[in-house]
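A.B. asks: Here you go, protein-v6.pdb (PDB, C-alpha atoms):
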```
MODEL        1
ATOM      1  CA  TRP A   1      87.537 -10.111  -0.214  1.00  0.00           C
ATOM      2  CA  ASN A   2      90.541  -8.820   1.709  1.00  0.00           C
ATOM      3  CA  LYS A   3      92.168 -12.202   2.297  1.00  0.00           C
ATOM      4  CA  ASN A   4      94.800 -11.926  -0.409  1.00  0.00           C
ATOM      5  CA  LYS A   5      98.490 -11.306   0.231  1.00  0.00           C
ATOM      6  CA  LYS A   6      98.340  -7.600  -0.612  1.00  0.00           C
ATOM      7  CA  LYS A   7      95.277  -7.057   1.633  1.00  0.00           C
ATOM      8  CA  GLU A   8      93.368  -5.375  -1.195  1.00  0.00           C
ATOM      9  CA  ARG A   9      90.177  -6.082  -3.076  1.00  0.00           C
ATOM     10  CA  GLU A  10      89.938  -8.063  -6.284  1.00  0.00           C
ATOM     11  CA  PRO A  11      91.441  -5.898  -9.060  1.00  0.00           C
ATOM     12  CA  GLU A  12      89.092  -7.208 -11.805  1.00  0.00           C
ATOM     13  CA  MET A  13      85.933  -6.344  -9.885  1.00  0.00           C
ATOM     14  CA  HIS A  14      84.904  -2.875  -8.833  1.00  0.00           C
ATOM     15  CA  GLN A  15      82.331  -1.113  -6.726  1.00  0.00           C
ATOM     16  CA  THR A  16      79.391   0.958  -7.791  1.00  0.00           C
ATOM     17  CA  LYS A  17      76.630   2.851  -6.051  1.00  0.00           C
ATOM     18  CA  LYS A  18      72.985   2.087  -6.765  1.00  0.00           C
ATOM     19  CA  GLY A  19      70.703   4.416  -4.864  1.00  0.00           C
ATOM     20  CA  ASN A  20      72.319   4.799  -1.469  1.00  0.00           C
ATOM     21  CA  GLN A  21      73.824   1.321  -1.380  1.00  0.00           C
ATOM     22  CA  TRP A  22      77.285   0.315  -2.527  1.00  0.00           C
ATOM     23  CA  HIS A  23      77.812  -2.949  -4.427  1.00  0.00           C
ATOM     24  CA  PHE A  24      81.118  -4.662  -5.101  1.00  0.00           C
ATOM     25  CA  GLY A  25      81.587  -7.387  -7.690  1.00  0.00           C
ATOM     26  CA  MET A  26      80.355  -8.055 -11.184  1.00  0.00           C
ATOM     27  CA  LYS A  27      77.359  -7.864 -13.512  1.00  0.00           C
ATOM     28  CA  MET A  28      76.001 -10.551 -15.787  1.00  0.00           C
ATOM     29  CA  PRO A  29      74.055  -9.096 -18.697  1.00  0.00           C
ATOM     30  CA  ILE A  30      72.364 -11.855 -20.701  1.00  0.00           C
ATOM     31  CA  GLY A  31      70.650 -12.180 -24.050  1.00  0.00           C
ATOM     32  CA  THR A  32      67.499 -14.302 -24.132  1.00  0.00           C
ATOM     33  CA  ASP A  33      65.051 -15.481 -26.736  1.00  0.00           C
ATOM     34  CA  ASP A  34      61.888 -13.344 -26.574  1.00  0.00           C
ATOM     35  CA  THR A  35      59.553 -16.299 -27.143  1.00  0.00           C
ATOM     36  CA  LEU A  36      60.952 -19.143 -25.009  1.00  0.00           C
ATOM     37  CA  GLY A  37      63.128 -17.185 -22.607  1.00  0.00           C
ATOM     38  CA  LEU A  38      66.225 -19.333 -23.166  1.00  0.00           C
ATOM     39  CA  ILE A  39      69.643 -17.740 -22.650  1.00  0.00           C
ATOM     40  CA  HIS A  40      71.639 -17.480 -25.870  1.00  0.00           C
ATOM     41  CA  SER A  41      74.495 -15.202 -24.781  1.00  0.00           C
ATOM     42  CA  ILE A  42      76.232 -14.085 -21.604  1.00  0.00           C
ATOM     43  CA  ASP A  43      78.730 -11.388 -20.824  1.00  0.00           C
ATOM     44  CA  THR A  44      80.256 -10.585 -17.470  1.00  0.00           C
ATOM     45  CA  THR A  45      81.628  -7.191 -16.549  1.00  0.00           C
ATOM     46  CA  ALA A  46      82.819  -5.402 -13.457  1.00  0.00           C
ATOM     47  CA  ALA A  47      80.044  -3.797 -11.420  1.00  0.00           C
ATOM     48  CA  ASN A  48      81.060  -0.270 -12.391  1.00  0.00           C
ATOM     49  CA  GLU A  49      80.722  -0.785 -16.162  1.00  0.00           C
ATOM     50  CA  HIS A  50      77.597   0.512 -17.839  1.00  0.00           C
ATOM     51  CA  ASP A  51      75.083  -2.000 -19.221  1.00  0.00           C
ATOM     52  CA  ILE A  52      75.238  -0.576 -22.723  1.00  0.00           C
ATOM     53  CA  THR A  53      78.895  -1.592 -23.177  1.00  0.00           C
ATOM     54  CA  ALA A  54      77.912  -5.283 -23.298  1.00  0.00           C
ATOM     55  CA  THR A  55      75.185  -4.910 -25.926  1.00  0.00           C
ATOM     56  CA  GLY A  56      77.367  -6.018 -28.838  1.00  0.00           C
ATOM     57  CA  GLN A  57      78.304  -9.282 -27.096  1.00  0.00           C
ATOM     58  CA  LEU A  58      74.669 -10.071 -26.276  1.00  0.00           C
ATOM     59  CA  LEU A  59      73.431  -9.994 -29.876  1.00  0.00           C
ATOM     60  CA  HIS A  60      73.898 -13.181 -31.888  1.00  0.00           C
ATOM     61  CA  GLY A  61      73.261 -11.575 -35.295  1.00  0.00           C
ATOM     62  CA  GLU A  62      70.000 -13.235 -36.283  1.00  0.00           C
ATOM     63  CA  GLU A  63      67.627 -11.251 -34.082  1.00  0.00           C
ATOM     64  CA  LYS A  64      64.933  -9.071 -35.604  1.00  0.00           C
ATOM     65  CA  ARG A  65      63.935  -7.242 -32.418  1.00  0.00           C
ATOM     66  CA  VAL A  66      65.928  -6.097 -29.405  1.00  0.00           C
ATOM     67  CA  TRP A  67      64.177  -5.398 -26.103  1.00  0.00           C
ATOM     68  CA  GLY A  68      66.067  -3.677 -23.324  1.00  0.00           C
ATOM     69  CA  ASP A  69      65.563  -1.744 -20.136  1.00  0.00           C
ATOM     70  CA  SER A  70      66.367   1.941 -19.828  1.00  0.00           C
ATOM     71  CA  GLY A  71      70.032   1.116 -19.167  1.00  0.00           C
ATOM     72  CA  TYR A  72      70.351   0.407 -22.899  1.00  0.00           C
ATOM     73  CA  THR A  73      69.036   3.817 -24.004  1.00  0.00           C
ATOM     74  CA  GLY A  74      70.983   4.980 -27.041  1.00  0.00           C
ATOM     75  CA  ALA A  75      72.288   1.514 -27.957  1.00  0.00           C
ATOM     76  CA  GLU A  76      71.160   1.897 -31.567  1.00  0.00           C
ATOM     77  CA  LYS A  77      73.387   4.988 -31.893  1.00  0.00           C
ATOM     78  CA  ARG A  78      76.589   3.216 -30.813  1.00  0.00           C
ATOM     79  CA  GLU A  79      79.151   2.761 -33.559  1.00  0.00           C
ATOM     80  CA  GLU A  80      79.417  -1.035 -33.230  1.00  0.00           C
ATOM     81  CA  LEU A  81      75.612  -1.449 -33.367  1.00  0.00           C
ATOM     82  CA  LYS A  82      74.688   0.948 -36.186  1.00  0.00           C
ATOM     83  CA  SER A  83      75.033  -1.805 -38.796  1.00  0.00           C
ATOM     84  CA  LYS A  84      72.504  -4.070 -37.023  1.00  0.00           C
ATOM     85  CA  ASP A  85      69.217  -4.255 -38.898  1.00  0.00           C
ATOM     86  CA  VAL A  86      66.895  -4.734 -35.913  1.00  0.00           C
ATOM     87  CA  GLU A  87      63.901  -3.034 -34.331  1.00  0.00           C
ATOM     88  CA  TRP A  88      65.006  -1.417 -31.084  1.00  0.00           C
ATOM     89  CA  HIS A  89      62.466  -1.491 -28.237  1.00  0.00           C
ATOM     90  CA  ILE A  90      64.280   0.160 -25.351  1.00  0.00           C
ATOM     91  CA  ALA A  91      62.311   1.199 -22.270  1.00  0.00           C
ATOM     92  CA  GLU A  92      61.887   4.890 -21.692  1.00  0.00           C
ATOM     93  CA  LYS A  93      63.456   6.341 -18.570  1.00  0.00           C
ATOM     94  CA  PRO A  94      60.714   7.126 -16.013  1.00  0.00           C
ATOM     95  CA  SER A  95      61.907  10.705 -15.598  1.00  0.00           C
ATOM     96  CA  ARG A  96      61.478  11.358 -19.335  1.00  0.00           C
ATOM     97  CA  LEU A  97      58.126   9.611 -19.452  1.00  0.00           C
ATOM     98  CA  ARG A  98      56.592  11.910 -16.843  1.00  0.00           C
ATOM     99  CA  HIS A  99      57.078  15.068 -18.893  1.00  0.00           C
ATOM    100  CA  ARG A 100      55.655  13.846 -22.186  1.00  0.00           C
ATOM    101  CA  PRO A 101      52.152  14.465 -23.515  1.00  0.00           C
ATOM    102  CA  GLY A 102      49.842  11.463 -23.985  1.00  0.00           C
ATOM    103  CA  GLN A 103      51.038   9.626 -20.908  1.00  0.00           C
ATOM    104  CA  ASN A 104      48.300   6.959 -20.955  1.00  0.00           C
ATOM    105  CA  ALA A 105      49.241   5.712 -24.423  1.00  0.00           C
ATOM    106  CA  LEU A 106      52.944   5.814 -23.574  1.00  0.00           C
ATOM    107  CA  ARG A 107      52.344   3.898 -20.349  1.00  0.00           C
ATOM    108  CA  LYS A 108      50.581   1.139 -22.293  1.00  0.00           C
ATOM    109  CA  VAL A 109      53.511   0.884 -24.701  1.00  0.00           C
ATOM    110  CA  GLU A 110      55.980   0.772 -21.807  1.00  0.00           C
ATOM    111  CA  LYS A 111      53.907  -1.913 -20.090  1.00  0.00           C
ATOM    112  CA  ILE A 112      54.055  -4.093 -23.215  1.00  0.00           C
ATOM    113  CA  LYS A 113      57.822  -3.583 -23.377  1.00  0.00           C
ATOM    114  CA  ALA A 114      58.142  -4.547 -19.703  1.00  0.00           C
ATOM    115  CA  GLN A 115      56.093  -7.714 -20.176  1.00  0.00           C
ATOM    116  CA  ILE A 116      58.364  -8.885 -22.979  1.00  0.00           C
ATOM    117  CA  ARG A 117      61.542  -7.864 -21.122  1.00  0.00           C
ATOM    118  CA  ALA A 118      60.383  -9.902 -18.130  1.00  0.00           C
ATOM    119  CA  LYS A 119      61.552 -13.026 -20.000  1.00  0.00           C
ATOM    120  CA  VAL A 120      65.100 -11.909 -19.222  1.00  0.00           C
ATOM    121  CA  GLU A 121      64.401 -11.912 -15.489  1.00  0.00           C
ATOM    122  CA  HIS A 122      63.200 -15.528 -15.330  1.00  0.00           C
ATOM    123  CA  PRO A 123      66.667 -17.049 -15.881  1.00  0.00           C
ATOM    124  CA  PHE A 124      68.007 -14.860 -13.061  1.00  0.00           C
ATOM    125  CA  ARG A 125      65.369 -16.381 -10.789  1.00  0.00           C
ATOM    126  CA  TYR A 126      66.701 -19.848 -11.563  1.00  0.00           C
ATOM    127  CA  ILE A 127      70.338 -18.833 -11.155  1.00  0.00           C
ATOM    128  CA  LYS A 128      69.796 -16.949  -7.893  1.00  0.00           C
ATOM    129  CA  ASN A 129      66.990 -18.820  -6.154  1.00  0.00           C
ATOM    130  CA  ILE A 130      67.172 -22.402  -7.399  1.00  0.00           C
ATOM    131  CA  PHE A 131      70.958 -22.678  -7.775  1.00  0.00           C
ATOM    132  CA  GLY A 132      71.709 -20.306  -4.875  1.00  0.00           C
ATOM    133  CA  TYR A 133      74.080 -18.000  -6.732  1.00  0.00           C
ATOM    134  CA  GLY A 134      73.446 -14.717  -4.915  1.00  0.00           C
ATOM    135  CA  LYS A 135      77.093 -13.742  -4.491  1.00  0.00           C
ATOM    136  CA  VAL A 136      80.224 -14.405  -6.515  1.00  0.00           C
ATOM    137  CA  ARG A 137      82.182 -17.371  -5.205  1.00  0.00           C
ATOM    138  CA  TYR A 138      85.579 -17.046  -6.802  1.00  0.00           C
ATOM    139  CA  ARG A 139      88.274 -14.450  -7.317  1.00  0.00           C
ATOM    140  CA  GLY A 140      88.407 -12.979 -10.785  1.00  0.00           C
ATOM    141  CA  LEU A 141      85.929 -12.630 -13.593  1.00  0.00           C
ATOM    142  CA  LYS A 142      87.135 -15.708 -15.475  1.00  0.00           C
ATOM    143  CA  LYS A 143      86.199 -18.324 -12.854  1.00  0.00           C
ATOM    144  CA  ASN A 144      82.922 -16.612 -12.045  1.00  0.00           C
ATOM    145  CA  THR A 145      82.086 -16.381 -15.753  1.00  0.00           C
ATOM    146  CA  GLN A 146      82.718 -20.100 -16.190  1.00  0.00           C
ATOM    147  CA  ARG A 147      80.445 -20.933 -13.299  1.00  0.00           C
ATOM    148  CA  LEU A 148      77.721 -18.606 -14.578  1.00  0.00           C
ATOM    149  CA  CYS A 149      77.930 -20.176 -18.044  1.00  0.00           C
ATOM    150  CA  MET A 150      77.415 -23.603 -16.470  1.00  0.00           C
ATOM    151  CA  LEU A 151      74.451 -22.319 -14.442  1.00  0.00           C
ATOM    152  CA  ALA A 152      73.007 -20.696 -17.572  1.00  0.00           C
ATOM    153  CA  GLY A 153      73.160 -24.077 -19.319  1.00  0.00           C
ATOM    154  CA  PHE A 154      71.330 -25.738 -16.421  1.00  0.00           C
ATOM    155  CA  THR A 155      68.812 -22.898 -16.446  1.00  0.00           C
ATOM    156  CA  ASN A 156      68.143 -23.459 -20.149  1.00  0.00           C
ATOM    157  CA  LEU A 157      67.540 -27.154 -19.429  1.00  0.00           C
ATOM    158  CA  LEU A 158      65.013 -26.324 -16.719  1.00  0.00           C
ATOM    159  CA  ILE A 159      63.253 -23.641 -18.760  1.00  0.00           C
ATOM    160  CA  GLY A 160      63.292 -25.739 -21.943  1.00  0.00           C
ATOM    161  CA  LYS A 161      61.930 -28.815 -20.176  1.00  0.00           C
ATOM    162  CA  LYS A 162      58.411 -27.387 -20.214  1.00  0.00           C
ATOM    163  CA  TYR A 163      58.493 -27.039 -24.006  1.00  0.00           C
ATOM    164  CA  LEU A 164      59.417 -30.693 -24.633  1.00  0.00           C
ATOM    165  CA  PRO A 165      56.699 -33.292 -25.322  1.00  0.00           C
ATOM    166  CA  HIS A 166      56.098 -35.652 -22.411  1.00  0.00           C
TER     167      HIS A 166
ENDMDL
END
```
Can I see the file as structure tokens?
C.D. replies:
Amino acid sequence: WNKNKKKEREPEMHQTKKGNQWHFGMKMPIGTDDTLGLIHSIDTTAANEHDITATGQLLHGEEKRVWGDSGYTGAEKREELKSKDVEWHIAEKPSRLRHRPGQNALRKVEKIKAQIRAKVEHPFRYIKNIFGYGKVRYRGLKKNTQRLCMLAGFTNLLIGKKYLPH
């Protein structure tokens, strides 16, 4: 990362702290179909940008339901998303869940949300484990985005293969 002429890190990518570990690079939020698990939209951002900022780019306009992890809390209140006529199913933050009455019923609801949201994680398994994309390869978001779009297309082919008649 420091092998450029100015001896400084990539200006388009930033660092962020998750837990006690620092990460430098980019994020790839994706939008997937909740039935088949195929990727329909991709956005790439610097690592320090919040997940919720990419929500508008991940929606294609024809969805009826939106499932998201707790990083997307409050998405329905954002100005650019208020006009969307969708059901929002955003996971509750664990710290808020602990202090609410009726925890057993809430845990069941959160488990159902997590099972549906798991469809989003399957494409990441293909991209990281099968195609070996654990770290960014290029300088700049543009080249890395192009490569991730290509890998997302290959991932859709592999995921969609099981739905085709033999």
A.B. asks: Write out as a PyMOL selection string which residues come within 12 Å of Thr16 in chain A when counting only C-alpha atoms, dropping same-chain ones fewer than 6 positions away.
C.D. replies: chain A and resi 22-27+46-50
A.B. asks: Excluding same-chain residues fewer than 6 positions from Cys149 in chain A, what lies within 10 Å of it counting only C-alpha atoms, as a list in words?
C.D. replies: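 Counting only C-alpha atoms, the residues come to Ile39, Ser41, Ile42, Asp43, Thr44, Lys143 and Thr155 of chain A.
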A.B. asks: Would you translate the PyMOL selection byres ((chain A and resi 140) around 9) into the concrete set of residues it matches in this file, as a list in words?
C.D. replies: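 Written out, the selection comes to Glu10, Pro11, Glu12, Met13, Tyr138, Arg139, Leu141, Lys142, Lys143, Asn144 and Thr145 of chain A.
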A.B. asks: Would you write out, as a compact mmCIF listing (two decimals) with C-alpha atoms, in the coordinates of the input, every residue that the PyMOL selection byres ((chain A and resi 78-95) around 8) captures in this file?
C.D. replies:
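Heads up, here's the output in out-v1.txt:
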```txt
# COMPACT_ATOMS: atom_id res chain seq x y z
CA GLY A 56 77.37 -6.02 -28.84
CA GLY A 61 73.26 -11.58 -35.30
CA GLU A 63 67.63 -11.25 -34.08
CA LYS A 64 64.93 -9.07 -35.60
CA ARG A 65 63.94 -7.24 -32.42
CA VAL A 66 65.93 -6.10 -29.40
CA TRP A 67 64.18 -5.40 -26.10
CA GLY A 68 66.07 -3.68 -23.32
CA ASP A 69 65.56 -1.74 -20.14
CA SER A 70 66.37 1.94 -19.83
CA TYR A 72 70.35 0.41 -22.90
CA THR A 73 69.04 3.82 -24.00
CA GLY A 74 70.98 4.98 -27.04
CA ALA A 75 72.29 1.51 -27.96
CA GLU A 76 71.16 1.90 -31.57
CA LYS A 77 73.39 4.99 -31.89
CA ARG A 96 61.48 11.36 -19.34
CA LEU A 97 58.13 9.61 -19.45
CA ARG A 98 56.59 11.91 -16.84
CA HIS A 99 57.08 15.07 -18.89
CA GLU A 110 55.98 0.77 -21.81
CA LYS A 113 57.82 -3.58 -23.38
CA ALA A 114 58.14 -4.55 -19.70
```
A.B. asks: Once the PyMOL selection byres ((chain A and resi 37) around 12) has been applied to the shown file, what residues remain in the selection, as a PyMOL selection string?
C.D. replies: chain A and resi 30-36+38-41+116-124+126+152+155-163
A.B. asks: Now that the selection is made, can you save its residues with C-alpha atoms as a CSV table (one decimal), keeping the file's coordinate frame?
C.D. replies:
```csv
chain,number,residue,atom,x,y,z
A,30,ILE,CA,72.4,-11.9,-20.7
A,31,GLY,CA,70.6,-12.2,-24.0
A,32,THR,CA,67.5,-14.3,-24.1
A,33,ASP,CA,65.1,-15.5,-26.7
A,34,ASP,CA,61.9,-13.3,-26.6
A,35,THR,CA,59.6,-16.3,-27.1
A,36,LEU,CA,61.0,-19.1,-25.0
A,38,LEU,CA,66.2,-19.3,-23.2
A,39,ILE,CA,69.6,-17.7,-22.6
A,40,HIS,CA,71.6,-17.5,-25.9
A,41,SER,CA,74.5,-15.2,-24.8
A,116,ILE,CA,58.4,-8.9,-23.0
A,117,ARG,CA,61.5,-7.9,-21.1
A,118,ALA,CA,60.4,-9.9,-18.1
A,119,LYS,CA,61.6,-13.0,-20.0
A,120,VAL,CA,65.1,-11.9,-19.2
A,121,GLU,CA,64.4,-11.9,-15.5
A,122,HIS,CA,63.2,-15.5,-15.3
A,123,PRO,CA,66.7,-17.0,-15.9
A,124,PHE,CA,68.0,-14.9,-13.1
A,126,TYR,CA,66.7,-19.8,-11.6
A,152,ALA,CA,73.0,-20.7,-17.6
A,155,THR,CA,68.8,-22.9,-16.4
A,156,ASN,CA,68.1,-23.5,-20.1
A,157,LEU,CA,67.5,-27.2,-19.4
A,158,LEU,CA,65.0,-26.3,-16.7
A,159,ILE,CA,63.3,-23.6,-18.8
A,160,GLY,CA,63.3,-25.7,-21.9
A,161,LYS,CA,61.9,-28.8,-20.2
A,162,LYS,CA,58.4,-27.4,-20.2
A,163,TYR,CA,58.5,-27.0,-24.0
```
A.B. asks: In Å, how far is it from CA of Lys111 in chain A to CA of Asn20 in chain A?
C.D. replies: 27.0 Å
